[in-house]
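Participant: What follows is the file my_file.pdb, containing PDB, C-alpha atoms:
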ATOM      1  CA  LYS A   1      75.949  62.687 115.683  1.00  0.00           C
ATOM      2  CA  GLY A   2      73.093  64.688 117.109  1.00  0.00           C
ATOM      3  CA  GLY A   3      71.674  67.530 115.070  1.00  0.00           C
ATOM      4  CA  VAL A   4      72.765  66.266 111.652  1.00  0.00           C
ATOM      5  CA  GLY A   5      69.308  65.788 110.165  1.00  0.00           C
ATOM      6  CA  LYS A   6      68.702  62.079 110.819  1.00  0.00           C
ATOM      7  CA  THR A   7      65.035  62.480 111.756  1.00  0.00           C
ATOM      8  CA  THR A   8      64.419  65.060 109.012  1.00  0.00           C
ATOM      9  CA  THR A   9      65.852  62.653 106.450  1.00  0.00           C
ATOM     10  CA  VAL A  10      63.882  59.653 107.728  1.00  0.00           C
ATOM     11  CA  LEU A  11      60.640  61.644 107.542  1.00  0.00           C
ATOM     12  CA  ASN A  12      61.195  63.349 104.190  1.00  0.00           C
ATOM     13  CA  LEU A  13      62.889  60.466 102.383  1.00  0.00           C
ATOM     14  CA  GLY A  14      60.314  58.012 103.708  1.00  0.00           C
ATOM     15  CA  TYR A  15      57.405  60.215 102.682  1.00  0.00           C
ATOM     16  CA  THR A  16      58.890  60.780  99.220  1.00  0.00           C
ATOM     17  CA  LEU A  17      59.342  57.040  98.612  1.00  0.00           C
ATOM     18  CA  ALA A  18      55.777  56.480  99.796  1.00  0.00           C
ATOM     19  CA  ARG A  19      54.476  59.050  97.316  1.00  0.00           C
ATOM     20  CA  LEU A  20      56.381  57.175  94.611  1.00  0.00           C
ATOM     21  CA  GLY A  21      54.196  54.155  95.327  1.00  0.00           C
ATOM     22  CA  ASN A  22      56.217  52.236  97.900  1.00  0.00           C
ATOM     23  CA  SER A  23      54.856  50.949 101.210  1.00  0.00           C
ATOM     24  CA  VAL A  24      56.943  52.656 103.889  1.00  0.00           C
ATOM     25  CA  LEU A  25      57.252  52.303 107.655  1.00  0.00           C
ATOM     26  CA  LEU A  26      59.144  54.722 109.887  1.00  0.00           C
ATOM     27  CA  VAL A  27      60.287  53.316 113.234  1.00  0.00           C
ATOM     28  CA  ASP A  28      61.230  55.776 115.965  1.00  0.00           C
ATOM     29  CA  ALA A  29      64.070  53.901 117.658  1.00  0.00           C
ATOM     30  CA  ASP A  30      65.408  57.016 119.386  1.00  0.00           C
ATOM     31  CA  PRO A  31      64.172  57.247 123.002  1.00  0.00           C
ATOM     32  CA  GLN A  32      63.977  61.031 122.545  1.00  0.00           C
ATOM     33  CA  GLY A  33      61.116  60.433 120.140  1.00  0.00           C
ATOM     34  CA  GLY A  34      62.159  62.615 117.224  1.00  0.00           C
ATOM     35  CA  ILE A  35      59.866  61.011 114.650  1.00  0.00           C
ATOM     36  CA  ALA A  36      56.866  61.186 116.970  1.00  0.00           C
ATOM     37  CA  ILE A  37      57.470  64.934 117.326  1.00  0.00           C
ATOM     38  CA  ALA A  38      58.289  65.536 113.652  1.00  0.00           C
ATOM     39  CA  SER A  39      55.163  63.712 112.445  1.00  0.00           C
ATOM     40  CA  ASN A  40      52.772  64.702 115.261  1.00  0.00           C
ATOM     41  CA  LEU A  41      52.281  60.996 116.001  1.00  0.00           C
ATOM     42  CA  ARG A  42      51.338  61.692 119.600  1.00  0.00           C
ATOM     43  CA  LYS A  43      48.083  63.158 118.326  1.00  0.00           C
ATOM     44  CA  LYS A  44      47.151  59.516 117.637  1.00  0.00           C
ATOM     45  CA  THR A  45      49.031  57.476 120.252  1.00  0.00           C
ATOM     46  CA  ASP A  46      51.689  57.543 122.957  1.00  0.00           C
ATOM     47  CA  SER A  47      52.392  53.830 122.556  1.00  0.00           C
ATOM     48  CA  GLY A  48      55.259  52.298 120.606  1.00  0.00           C
ATOM     49  CA  LEU A  49      58.354  50.148 120.916  1.00  0.00           C
ATOM     50  CA  ALA A  50      58.540  50.398 124.705  1.00  0.00           C
ATOM     51  CA  GLN A  51      55.030  48.976 125.148  1.00  0.00           C
ATOM     52  CA  LEU A  52      55.706  46.219 122.602  1.00  0.00           C
ATOM     53  CA  LEU A  53      58.841  45.272 124.506  1.00  0.00           C
ATOM     54  CA  GLN A  54      56.811  45.125 127.734  1.00  0.00           C
ATOM     55  CA  GLU A  55      54.187  42.987 125.909  1.00  0.00           C
ATOM     56  CA  GLN A  56      51.437  45.421 126.834  1.00  0.00           C
ATOM     57  CA  ILE A  57      50.043  45.679 123.288  1.00  0.00           C
ATOM     58  CA  SER A  58      50.257  43.978 119.898  1.00  0.00           C
ATOM     59  CA  PRO A  59      52.246  45.155 116.840  1.00  0.00           C
ATOM     60  CA  SER A  60      49.085  46.199 114.984  1.00  0.00           C
ATOM     61  CA  ASP A  61      48.287  48.635 117.816  1.00  0.00           C
ATOM     62  CA  VAL A  62      51.447  50.684 117.234  1.00  0.00           C
ATOM     63  CA  ILE A  63      51.644  50.737 113.404  1.00  0.00           C
ATOM     64  CA  ILE A  64      49.838  54.010 112.769  1.00  0.00           C
ATOM     65  CA  PRO A  65      49.058  54.999 109.158  1.00  0.00           C
ATOM     66  CA  THR A  66      49.278  58.666 108.215  1.00  0.00           C
ATOM     67  CA  ARG A  67      46.077  60.545 107.474  1.00  0.00           C
ATOM     68  CA  ASP A  68      46.573  60.245 103.715  1.00  0.00           C
ATOM     69  CA  GLY A  69      47.488  56.549 104.059  1.00  0.00           C
ATOM     70  CA  SER A  70      50.812  57.062 102.297  1.00  0.00           C
ATOM     71  CA  MET A  71      52.987  55.537 105.018  1.00  0.00           C
ATOM     72  CA  SER A  72      52.939  54.278 108.607  1.00  0.00           C
ATOM     73  CA  VAL A  73      54.861  55.194 111.754  1.00  0.00           C
ATOM     74  CA  VAL A  74      55.826  53.312 114.917  1.00  0.00           C
ATOM     75  CA  GLY A  75      56.758  55.563 117.819  1.00  0.00           C
ATOM     76  CA  SER A  76      59.287  54.899 120.536  1.00  0.00           C
ATOM     77  CA  GLY A  77      56.575  54.870 123.213  1.00  0.00           C
ATOM     78  CA  VAL A  78      58.934  56.577 125.651  1.00  0.00           C
ATOM     79  CA  SER A  79      57.175  58.705 128.245  1.00  0.00           C
ATOM     80  CA  SER A  80      59.300  57.957 131.324  1.00  0.00           C
ATOM     81  CA  PRO A  81      62.915  57.114 132.220  1.00  0.00           C
ATOM     82  CA  GLU A  82      61.802  53.514 132.754  1.00  0.00           C
ATOM     83  CA  ASP A  83      60.718  53.297 129.112  1.00  0.00           C
ATOM     84  CA  THR A  84      64.156  54.477 128.012  1.00  0.00           C
ATOM     85  CA  VAL A  85      65.827  51.859 130.205  1.00  0.00           C
ATOM     86  CA  CYS A  86      63.495  49.246 128.728  1.00  0.00           C
ATOM     87  CA  ILE A  87      64.647  50.006 125.167  1.00  0.00           C
ATOM     88  CA  GLU A  88      68.305  50.158 126.191  1.00  0.00           C
ATOM     89  CA  ASP A  89      68.033  46.779 127.962  1.00  0.00           C
ATOM     90  CA  ALA A  90      66.257  45.305 124.938  1.00  0.00           C
ATOM     91  CA  SER A  91      69.093  46.450 122.680  1.00  0.00           C
ATOM     92  CA  ARG A  92      71.482  44.284 124.692  1.00  0.00           C
ATOM     93  CA  ASN A  93      69.434  41.096 124.924  1.00  0.00           C
ATOM     94  CA  GLY A  94      68.146  40.934 121.344  1.00  0.00           C
ATOM     95  CA  LYS A  95      64.529  41.832 122.122  1.00  0.00           C
ATOM     96  CA  LEU A  96      64.690  45.154 120.276  1.00  0.00           C
ATOM     97  CA  GLU A  97      65.643  43.418 117.029  1.00  0.00           C
ATOM     98  CA  ASN A  98      62.880  40.851 117.552  1.00  0.00           C
ATOM     99  CA  VAL A  99      60.266  43.573 118.079  1.00  0.00           C
ATOM    100  CA  ILE A 100      61.356  45.357 114.909  1.00  0.00           C
ATOM    101  CA  ASP A 101      60.773  42.048 113.108  1.00  0.00           C
ATOM    102  CA  THR A 102      57.168  42.005 114.325  1.00  0.00           C
ATOM    103  CA  VAL A 103      56.304  45.405 112.808  1.00  0.00           C
ATOM    104  CA  SER A 104      58.294  45.167 109.556  1.00  0.00           C
ATOM    105  CA  PRO A 105      56.486  42.554 107.395  1.00  0.00           C
ATOM    106  CA  GLY A 106      54.605  43.865 104.390  1.00  0.00           C
ATOM    107  CA  PHE A 107      56.604  47.067 103.879  1.00  0.00           C
ATOM    108  CA  ASP A 108      58.943  47.822 100.972  1.00  0.00           C
ATOM    109  CA  TYR A 109      61.049  50.132 103.154  1.00  0.00           C
ATOM    110  CA  VAL A 110      61.476  50.269 106.910  1.00  0.00           C
ATOM    111  CA  PHE A 111      63.471  53.292 108.093  1.00  0.00           C
ATOM    112  CA  LEU A 112      64.916  53.078 111.602  1.00  0.00           C
ATOM    113  CA  ASP A 113      65.522  56.516 113.108  1.00  0.00           C
ATOM    114  CA  ALA A 114      68.529  56.025 115.361  1.00  0.00           C
ATOM    115  CA  PRO A 115      69.741  57.971 118.387  1.00  0.00           C
ATOM    116  CA  ALA A 116      73.068  59.759 118.324  1.00  0.00           C
ATOM    117  CA  GLY A 117      76.209  57.964 119.423  1.00  0.00           C
ATOM    118  CA  VAL A 118      77.605  54.463 119.073  1.00  0.00           C
ATOM    119  CA  GLY A 119      75.885  52.791 122.019  1.00  0.00           C
ATOM    120  CA  GLY A 120      73.824  49.655 122.432  1.00  0.00           C
ATOM    121  CA  ILE A 121      70.684  50.870 120.628  1.00  0.00           C
ATOM    122  CA  VAL A 122      72.627  51.934 117.532  1.00  0.00           C
ATOM    123  CA  THR A 123      74.546  48.646 117.561  1.00  0.00           C
ATOM    124  CA  ALA A 124      71.290  46.670 117.756  1.00  0.00           C
ATOM    125  CA  LEU A 125      69.749  48.684 114.914  1.00  0.00           C
ATOM    126  CA  LEU A 126      72.795  48.052 112.727  1.00  0.00           C
ATOM    127  CA  GLY A 127      72.470  44.376 113.537  1.00  0.00           C
ATOM    128  CA  LYS A 128      68.894  44.432 112.193  1.00  0.00           C
ATOM    129  CA  SER A 129      69.480  46.659 109.135  1.00  0.00           C
ATOM    130  CA  ASP A 130      70.151  45.902 105.501  1.00  0.00           C
ATOM    131  CA  GLY A 131      71.906  49.231 105.064  1.00  0.00           C
ATOM    132  CA  VAL A 132      72.923  52.430 106.793  1.00  0.00           C
ATOM    133  CA  ILE A 133      72.882  55.975 105.451  1.00  0.00           C
ATOM    134  CA  LEU A 134      75.770  58.009 106.831  1.00  0.00           C
ATOM    135  CA  MET A 135      74.815  61.590 107.669  1.00  0.00           C
ATOM    136  CA  LEU A 136      77.958  63.609 107.016  1.00  0.00           C
ATOM    137  CA  ARG A 137      77.353  67.179 108.074  1.00  0.00           C
ATOM    138  CA  CYS A 138      80.431  69.240 107.268  1.00  0.00           C
ATOM    139  CA  ARG A 139      81.630  70.086 110.754  1.00  0.00           C
ATOM    140  CA  ALA A 140      85.115  69.627 112.181  1.00  0.00           C
ATOM    141  CA  LEU A 141      83.902  67.411 115.042  1.00  0.00           C
ATOM    142  CA  LEU A 142      82.501  64.943 112.536  1.00  0.00           C
ATOM    143  CA  LEU A 143      85.958  64.261 111.149  1.00  0.00           C
ATOM    144  CA  LYS A 144      86.979  63.021 114.588  1.00  0.00           C
ATOM    145  CA  SER A 145      83.868  60.915 115.252  1.00  0.00           C
ATOM    146  CA  LEU A 146      83.369  59.348 111.805  1.00  0.00           C
ATOM    147  CA  PRO A 147      86.165  56.745 112.156  1.00  0.00           C
ATOM    148  CA  ILE A 148      84.608  55.499 115.404  1.00  0.00           C
ATOM    149  CA  PHE A 149      81.252  54.940 113.716  1.00  0.00           C
ATOM    150  CA  LEU A 150      82.832  53.236 110.696  1.00  0.00           C
ATOM    151  CA  LYS A 151      84.670  50.880 113.054  1.00  0.00           C
ATOM    152  CA  LEU A 152      81.323  50.029 114.674  1.00  0.00           C
ATOM    153  CA  VAL A 153      79.797  49.284 111.261  1.00  0.00           C
ATOM    154  CA  ARG A 154      82.723  46.981 110.428  1.00  0.00           C
ATOM    155  CA  HIS A 155      82.403  45.270 113.822  1.00  0.00           C
ATOM    156  CA  VAL A 156      78.663  44.651 113.380  1.00  0.00           C
ATOM    157  CA  ARG A 157      79.232  43.354 109.859  1.00  0.00           C
ATOM    158  CA  SER A 158      81.961  41.020 111.087  1.00  0.00           C
ATOM    159  CA  GLU A 159      80.274  39.740 114.238  1.00  0.00           C
ATOM    160  CA  ARG A 160      76.494  40.019 113.771  1.00  0.00           C
ATOM    161  CA  ASN A 161      75.243  41.062 110.367  1.00  0.00           C
ATOM    162  CA  PRO A 162      77.437  40.183 107.369  1.00  0.00           C
ATOM    163  CA  ASP A 163      74.811  41.593 104.963  1.00  0.00           C
ATOM    164  CA  LEU A 164      74.987  45.109 106.425  1.00  0.00           C
ATOM    165  CA  ARG A 165      76.080  47.597 103.773  1.00  0.00           C
ATOM    166  CA  LEU A 166      76.897  51.285 103.671  1.00  0.00           C
ATOM    167  CA  GLU A 167      73.955  52.466 101.595  1.00  0.00           C
ATOM    168  CA  GLY A 168      75.523  55.843 100.965  1.00  0.00           C
ATOM    169  CA  ALA A 169      76.867  58.999 102.561  1.00  0.00           C
ATOM    170  CA  LEU A 170      74.540  62.003 102.555  1.00  0.00           C
ATOM    171  CA  VAL A 171      75.597  65.605 103.124  1.00  0.00           C
ATOM    172  CA  PRO A 172      72.734  67.384 104.958  1.00  0.00           C
ATOM    173  CA  MET A 173      72.270  71.023 106.017  1.00  0.00           C
ATOM    174  CA  TRP A 174      74.746  72.090 103.327  1.00  0.00           C
ATOM    175  CA  ASP A 175      75.907  75.702 103.048  1.00  0.00           C
ATOM    176  CA  GLY A 176      77.829  75.867  99.789  1.00  0.00           C
ATOM    177  CA  ASP A 177      78.834  79.484 100.427  1.00  0.00           C
ATOM    178  CA  ASN A 178      80.793  78.526 103.532  1.00  0.00           C
ATOM    179  CA  PRO A 179      84.452  77.932 102.580  1.00  0.00           C
ATOM    180  CA  LEU A 180      85.044  75.889 105.743  1.00  0.00           C
ATOM    181  CA  GLU A 181      82.287  73.443 104.770  1.00  0.00           C
ATOM    182  CA  ASN A 182      83.842  73.059 101.329  1.00  0.00           C
ATOM    183  CA  GLU A 183      87.217  72.368 102.937  1.00  0.00           C
ATOM    184  CA  ILE A 184      85.754  69.741 105.265  1.00  0.00           C
ATOM    185  CA  LEU A 185      83.832  68.116 102.420  1.00  0.00           C
ATOM    186  CA  ASN A 186      87.059  67.783 100.429  1.00  0.00           C
ATOM    187  CA  GLU A 187      88.691  66.166 103.454  1.00  0.00           C
ATOM    188  CA  LEU A 188      85.753  63.794 103.903  1.00  0.00           C
ATOM    189  CA  SER A 189      85.864  62.887 100.232  1.00  0.00           C
ATOM    190  CA  GLY A 190      89.439  61.784 100.730  1.00  0.00           C
ATOM    191  CA  SER A 191      88.599  59.502 103.655  1.00  0.00           C
ATOM    192  CA  VAL A 192      85.425  57.864 102.279  1.00  0.00           C
ATOM    193  CA  PRO A 193      85.249  56.118  98.886  1.00  0.00           C
ATOM    194  CA  LYS A 194      83.936  58.646  96.374  1.00  0.00           C
ATOM    195  CA  ALA A 195      81.329  56.245  94.976  1.00  0.00           C
ATOM    196  CA  LEU A 196      79.803  56.008  98.448  1.00  0.00           C
ATOM    197  CA  PHE A 197      78.633  59.638  98.400  1.00  0.00           C
ATOM    198  CA  PHE A 198      75.148  60.346  97.151  1.00  0.00           C
ATOM    199  CA  ARG A 199      75.199  62.914  94.371  1.00  0.00           C
ATOM    200  CA  THR A 200      72.344  64.644  96.154  1.00  0.00           C
ATOM    201  CA  VAL A 201      73.078  67.122  98.936  1.00  0.00           C
ATOM    202  CA  ILE A 202      70.446  68.591 101.248  1.00  0.00           C
ATOM    203  CA  PRO A 203      70.743  72.383 101.527  1.00  0.00           C
ATOM    204  CA  ASN A 204      70.472  74.271 104.773  1.00  0.00           C
ATOM    205  CA  ASP A 205      66.993  75.774 104.336  1.00  0.00           C
ATOM    206  CA  PRO A 206      64.895  77.404 107.097  1.00  0.00           C
ATOM    207  CA  ARG A 207      61.788  75.722 105.666  1.00  0.00           C
ATOM    208  CA  PHE A 208      62.966  72.433 107.168  1.00  0.00           C
ATOM    209  CA  GLU A 209      62.768  74.033 110.595  1.00  0.00           C
ATOM    210  CA  GLU A 210      59.321  75.410 109.773  1.00  0.00           C
ATOM    211  CA  ALA A 211      58.191  71.961 108.627  1.00  0.00           C
ATOM    212  CA  SER A 212      59.510  70.485 111.873  1.00  0.00           C
ATOM    213  CA  LEU A 213      57.515  73.026 113.893  1.00  0.00           C
ATOM    214  CA  ARG A 214      54.380  72.129 111.922  1.00  0.00           C
ATOM    215  CA  ALA A 215      55.168  68.386 112.227  1.00  0.00           C
ATOM    216  CA  VAL A 216      54.964  67.666 108.485  1.00  0.00           C
ATOM    217  CA  PRO A 217      57.317  66.663 105.649  1.00  0.00           C
ATOM    218  CA  VAL A 218      58.582  69.835 104.005  1.00  0.00           C
ATOM    219  CA  ILE A 219      56.674  69.161 100.753  1.00  0.00           C
ATOM    220  CA  LEU A 220      53.408  69.715 102.646  1.00  0.00           C
ATOM    221  CA  LEU A 221      54.283  73.338 103.393  1.00  0.00           C
ATOM    222  CA  PRO A 222      52.472  75.797 101.092  1.00  0.00           C
ATOM    223  CA  ASP A 223      55.819  76.859  99.598  1.00  0.00           C
ATOM    224  CA  GLY A 224      57.736  73.653 100.303  1.00  0.00           C
ATOM    225  CA  ARG A 225      57.782  71.993  96.878  1.00  0.00           C
ATOM    226  CA  ALA A 226      61.137  73.432  95.781  1.00  0.00           C
ATOM    227  CA  THR A 227      62.714  72.733  99.182  1.00  0.00           C
ATOM    228  CA  SER A 228      61.577  69.108  99.007  1.00  0.00           C
ATOM    229  CA  ARG A 229      63.154  68.539  95.588  1.00  0.00           C
ATOM    230  CA  PRO A 230      66.492  67.203  96.938  1.00  0.00           C
ATOM    231  CA  TYR A 231      64.649  64.433  98.786  1.00  0.00           C
ATOM    232  CA  LEU A 232      62.963  63.396  95.540  1.00  0.00           C
ATOM    233  CA  GLU A 233      66.396  63.296  93.921  1.00  0.00           C
ATOM    234  CA  LEU A 234      67.730  61.275  96.871  1.00  0.00           C
ATOM    235  CA  ALA A 235      64.829  58.808  96.646  1.00  0.00           C
ATOM    236  CA  LEU A 236      65.453  58.298  92.936  1.00  0.00           C
ATOM    237  CA  GLU A 237      69.169  57.906  93.543  1.00  0.00           C
ATOM    238  CA  LEU A 238      68.489  55.306  96.233  1.00  0.00           C
ATOM    239  CA  LYS A 239      66.254  53.397  93.816  1.00  0.00           C
ATOM    240  CA  GLU A 240      68.950  53.672  91.140  1.00  0.00           C
ATOM    241  CA  ARG A 241      71.495  52.077  93.472  1.00  0.00           C
ATOM    242  CA  GLU A 242      69.069  49.254  94.256  1.00  0.00           C
ATOM    243  CA  VAL A 243      68.514  48.566  90.560  1.00  0.00           C
ATOM    244  CA  LEU A 244      72.231  48.550  89.808  1.00  0.00           C
ATOM    245  CA  ARG A 245      72.891  46.187  92.737  1.00  0.00           C
ATOM    246  CA  GLY A 246      70.342  43.750  91.413  1.00  0.00           C
ATOM    247  CA  ALA A 247      71.307  44.040  87.761  1.00  0.00           C
ATOM    248  CA  GLY A 248      74.195  41.589  87.937  1.00  0.00           C
ATOM    249  CA  GLY A 249      76.709  41.951  85.154  1.00  0.00           C
ATOM    250  CA  ASP A 250      79.390  39.769  86.705  1.00  0.00           C
ATOM    251  CA  SER A 251      78.847  36.941  84.216  1.00  0.00           C
ATOM    252  CA  ASP A 252      77.310  36.281  80.811  1.00  0.00           C
ATOM    253  CA  GLU A 253      74.844  33.711  82.174  1.00  0.00           C
ATOM    254  CA  HIS A 254      71.784  35.799  81.171  1.00  0.00           C
ATOM    255  CA  ALA A 255      73.327  37.670  78.250  1.00  0.00           C
ATOM    256  CA  GLU A 256      71.427  35.781  75.540  1.00  0.00           C
ATOM    257  CA  GLY A 257      68.072  37.479  76.100  1.00  0.00           C
ATOM    258  CA  LEU A 258      65.188  37.810  78.504  1.00  0.00           C
ATOM    259  CA  PHE A 259      63.326  34.717  77.208  1.00  0.00           C
TER     260      PHE A 259
END
Would you mind writing the file out in structure tokens?
Facilitator:
Amino acid sequence: KGGVGKTTTVLNLGYTLARLGNSVLLVDADPQGGIAIASNLRKKTDSGLAQLLQEQISPSDVIIPTRDGSMSVVGSGVSSPEDTVCIEDASRNGKLENVIDTVSPGFDYVFLDAPAGVGGIVTALLGKSDGVILMLRCRALLLKSLPIFLKLVRHVRSERNPDLRLEGALVPMWDGDNPLENEILNELSGSVPKALFFRTVIPNDPRFEEASLRAVPVILLPDGRATSRPYLELALELKEREVLRGAGGDSDEHAEGLF
């Protein structure tokens, strides 16, 4: 859905993982250009995916490192309706996935910021992804739209990308004092496997809006350290899930020691 914190999470989770020593790339695959706005990328370049798709520039021209060198960003490159059409067409013919391949090598994490909806761009991004983070804001409309998105994930896994996994479900913009949100969360918990939910929730904090206006991750605000803490917890939880996935445990093949 729109307005559930997708871009905020891509920016803050990506930056946190980068500060933990990982090489991180953010790709703005939303024609509305949320990441470019949230990171002030346009101060450096207006080029991005659209120009790569039109073969006007090379991948190295659009991978822009942040000032502190902690991570890199690729913008959407959308500045006209024609650019939007270009990305939408590329999502249908496979070119969008191919272009993402050209900018991804060498990074530990590549976060694809997706547009709202279940259209062609989102389908193409799912076809390219290892995992998807569900943004489950506790609103009544989400309960109606979530099954549609889960059906799309199953379809992509069945038809295009058998390795696609549900990385986890994240509750953003959380107001724990709102009884309606608690009621909806209980209902969501009953419809999604409990283990899928991240333990971390992202509170509804006005500093995120301030950070967006200043085009920085929230930790870079003078008083943003405490607000950024949930994204550190989310990054560590994501790493924990990766470690547990790779730890095995299904057989005793390696149970006799490390050497």
Participant: Excluding Asp83 (chain A) and residues on its chain fewer than 4 positions from it, collect all residues at most 12 Å away from it, counting all atoms listed in the file, and give them as a PDB file with C-alpha atoms, in the frame of the given file.
Facilitator:
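The resulting file, out_11.pdb, is shown below:
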ATOM      1  CA  ALA A  29      64.070  53.901 117.658  1.00  0.00           C
ATOM      2  CA  ASP A  30      65.408  57.016 119.386  1.00  0.00           C
ATOM      3  CA  PRO A  31      64.172  57.247 123.002  1.00  0.00           C
ATOM      4  CA  GLN A  32      63.977  61.031 122.545  1.00  0.00           C
ATOM      5  CA  GLY A  33      61.116  60.433 120.140  1.00  0.00           C
ATOM      6  CA  ASP A  46      51.689  57.543 122.957  1.00  0.00           C
ATOM      7  CA  SER A  47      52.392  53.830 122.556  1.00  0.00           C
ATOM      8  CA  GLY A  48      55.259  52.298 120.606  1.00  0.00           C
ATOM      9  CA  LEU A  49      58.354  50.148 120.916  1.00  0.00           C
ATOM     10  CA  ALA A  50      58.540  50.398 124.705  1.00  0.00           C
ATOM     11  CA  GLN A  51      55.030  48.976 125.148  1.00  0.00           C
ATOM     12  CA  LEU A  52      55.706  46.219 122.602  1.00  0.00           C
ATOM     13  CA  LEU A  53      58.841  45.272 124.506  1.00  0.00           C
ATOM     14  CA  GLN A  54      56.811  45.125 127.734  1.00  0.00           C
ATOM     15  CA  SER A  76      59.287  54.899 120.536  1.00  0.00           C
ATOM     16  CA  GLY A  77      56.575  54.870 123.213  1.00  0.00           C
ATOM     17  CA  VAL A  78      58.934  56.577 125.651  1.00  0.00           C
ATOM     18  CA  SER A  79      57.175  58.705 128.245  1.00  0.00           C
ATOM     19  CA  ILE A  87      64.647  50.006 125.167  1.00  0.00           C
ATOM     20  CA  GLU A  88      68.305  50.158 126.191  1.00  0.00           C
ATOM     21  CA  ASP A  89      68.033  46.779 127.962  1.00  0.00           C
ATOM     22  CA  ALA A  90      66.257  45.305 124.938  1.00  0.00           C
TER      23      ALA A  90
END
Participant: Check the smallest atom-to-atom distance from each of A:Leu13, A:Ile64, A:Arg207, A:Ser212 to Arg225 (chain A) using only C-alpha atoms, then report the winner.
Facilitator: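 Closest to Arg225 (chain A) of all the choices is A:Arg207.
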Participant: Kindly give the distance, in Å, that separates CA of Pro115 (chain A) and CA of Asp28 (chain A), rounded to a single decimal.
Facilitator: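 Result for CA of Pro115 (chain A) versus CA of Asp28 (chain A): 9.1 Å, one decimal.
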Participant: Calculated over all atoms listed in the file, which of the candidates A:Lys128, A:Arg137, A:Arg241, A:Lys43 has the smallest distance to Gly5 (chain A)?
Facilitator: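 Nearest candidate to Gly5 (chain A) out of A:Lys128, A:Arg137, A:Arg241, A:Lys43: A:Arg137.
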Participant: Given all atoms listed in the file as the basis, pick out the residue of A:Leu185, A:Val73, A:Ala124, A:Glu82 nearest to Lys95 (chain A).
Facilitator: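 When distances to Lys95 (chain A) are compared using all atoms listed in the file, the smallest one comes from A:Ala124.
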Participant: Could you tell me which of A:Leu170, A:Gly120, A:Asn182, A:Pro222 comes closest to Leu152 (chain A) if we count all atoms listed in the file?
Facilitator: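 Result for the nearest residue to Leu152 (chain A): A:Gly120.
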Participant: What is the CA of Phe198 (chain A)-CA of Glu210 (chain A) distance in Å, reported with one decimal?
Facilitator: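 Taking CA of Phe198 (chain A) and CA of Glu210 (chain A), their separation equals 25.2 Å.
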Participant: Which residue out of A:Cys86, A:Arg67, A:Val192, A:Gly127 has the minimum interatomic distance to His155 (chain A) when all atoms listed in the file are used?
Facilitator: A:Gly127
Participant: I'd like the neighbourhood of Glu181 (chain A) as a list in words, where a residue qualifies if any of its atoms comes within 12 Å (using only C-alpha atoms), though same-chain residues fewer than 5 positions away should be ignored.
Facilitator: Leu136, Arg137, Cys138, Arg139, Ala140, Leu142, Leu143, Val171, Pro172, Met173, Trp174, Asp175, Gly176, Asn186, Glu187, Leu188 and Asn204 of chain A
Participant: Rounded to one decimal, what separation in Å do you get between CA of Met135 (chain A) and CA of Leu112 (chain A)?
Facilitator: 13.6 Å
Participant: Could you tell me, as an mmCIF file with C-alpha atoms, in the frame of the given file, exactly which residues end up selected when the PyMOL selection byres ((chain A and resi 107) around 10) is applied to this structure?
Facilitator:
data_model
loop_
_atom_site.group_PDB
_atom_site.id
_atom_site.type_symbol
_atom_site.label_atom_id
_atom_site.label_comp_id
_atom_site.auth_asym_id
_atom_site.auth_seq_id
_atom_site.Cartn_x
_atom_site.Cartn_y
_atom_site.Cartn_z
ATOM 1 C CA ASN A 22 56.217 52.236 97.900
ATOM 2 C CA SER A 23 54.856 50.949 101.210
ATOM 3 C CA VAL A 24 56.943 52.656 103.889
ATOM 4 C CA LEU A 25 57.252 52.303 107.655
ATOM 5 C CA MET A 71 52.987 55.537 105.018
ATOM 6 C CA SER A 72 52.939 54.278 108.607
ATOM 7 C CA VAL A 103 56.304 45.405 112.808
ATOM 8 C CA SER A 104 58.294 45.167 109.556
ATOM 9 C CA PRO A 105 56.486 42.554 107.395
ATOM 10 C CA GLY A 106 54.605 43.865 104.390
ATOM 11 C CA ASP A 108 58.943 47.822 100.972
ATOM 12 C CA TYR A 109 61.049 50.132 103.154
ATOM 13 C CA VAL A 110 61.476 50.269 106.910
#
Participant: Convert the output of the PyMOL selection byres ((chain A and resi 2) around 9) on the shown file into explicit residues, formatted as a PyMOL selection string.
Facilitator: chain A and resi 1+3-6+115-117
Participant: List the spatial neighbours of Ile219 (chain A) as a list in words - criterion: any atom at most 9 Å away, all atoms listed in the file, same-chain residues fewer than 3 positions off excluded.
Facilitator: Asn12, Thr16, Ala211, Val216, Pro222, Asp223, Gly224, Arg225, Ala226, Thr227, Ser228 and Arg229 of chain A
Participant: So which residues fall inside 8 Å of (75.4, 51.3, 105.2) if we count only C-alpha atoms? Mind giving them as a ChimeraX atom specification?
Facilitator: /A:130-134,153,164-168
Participant: Go through A:Ala169, A:Asn161, A:Tyr231, A:Asp177 and flag the residue nearest Leu196 (chain A), using all atoms listed in the file for the distances.
Facilitator: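 Going through A:Ala169, A:Asn161, A:Tyr231, A:Asp177 one by one, the smallest distance to Leu196 (chain A) is for A:Ala169.
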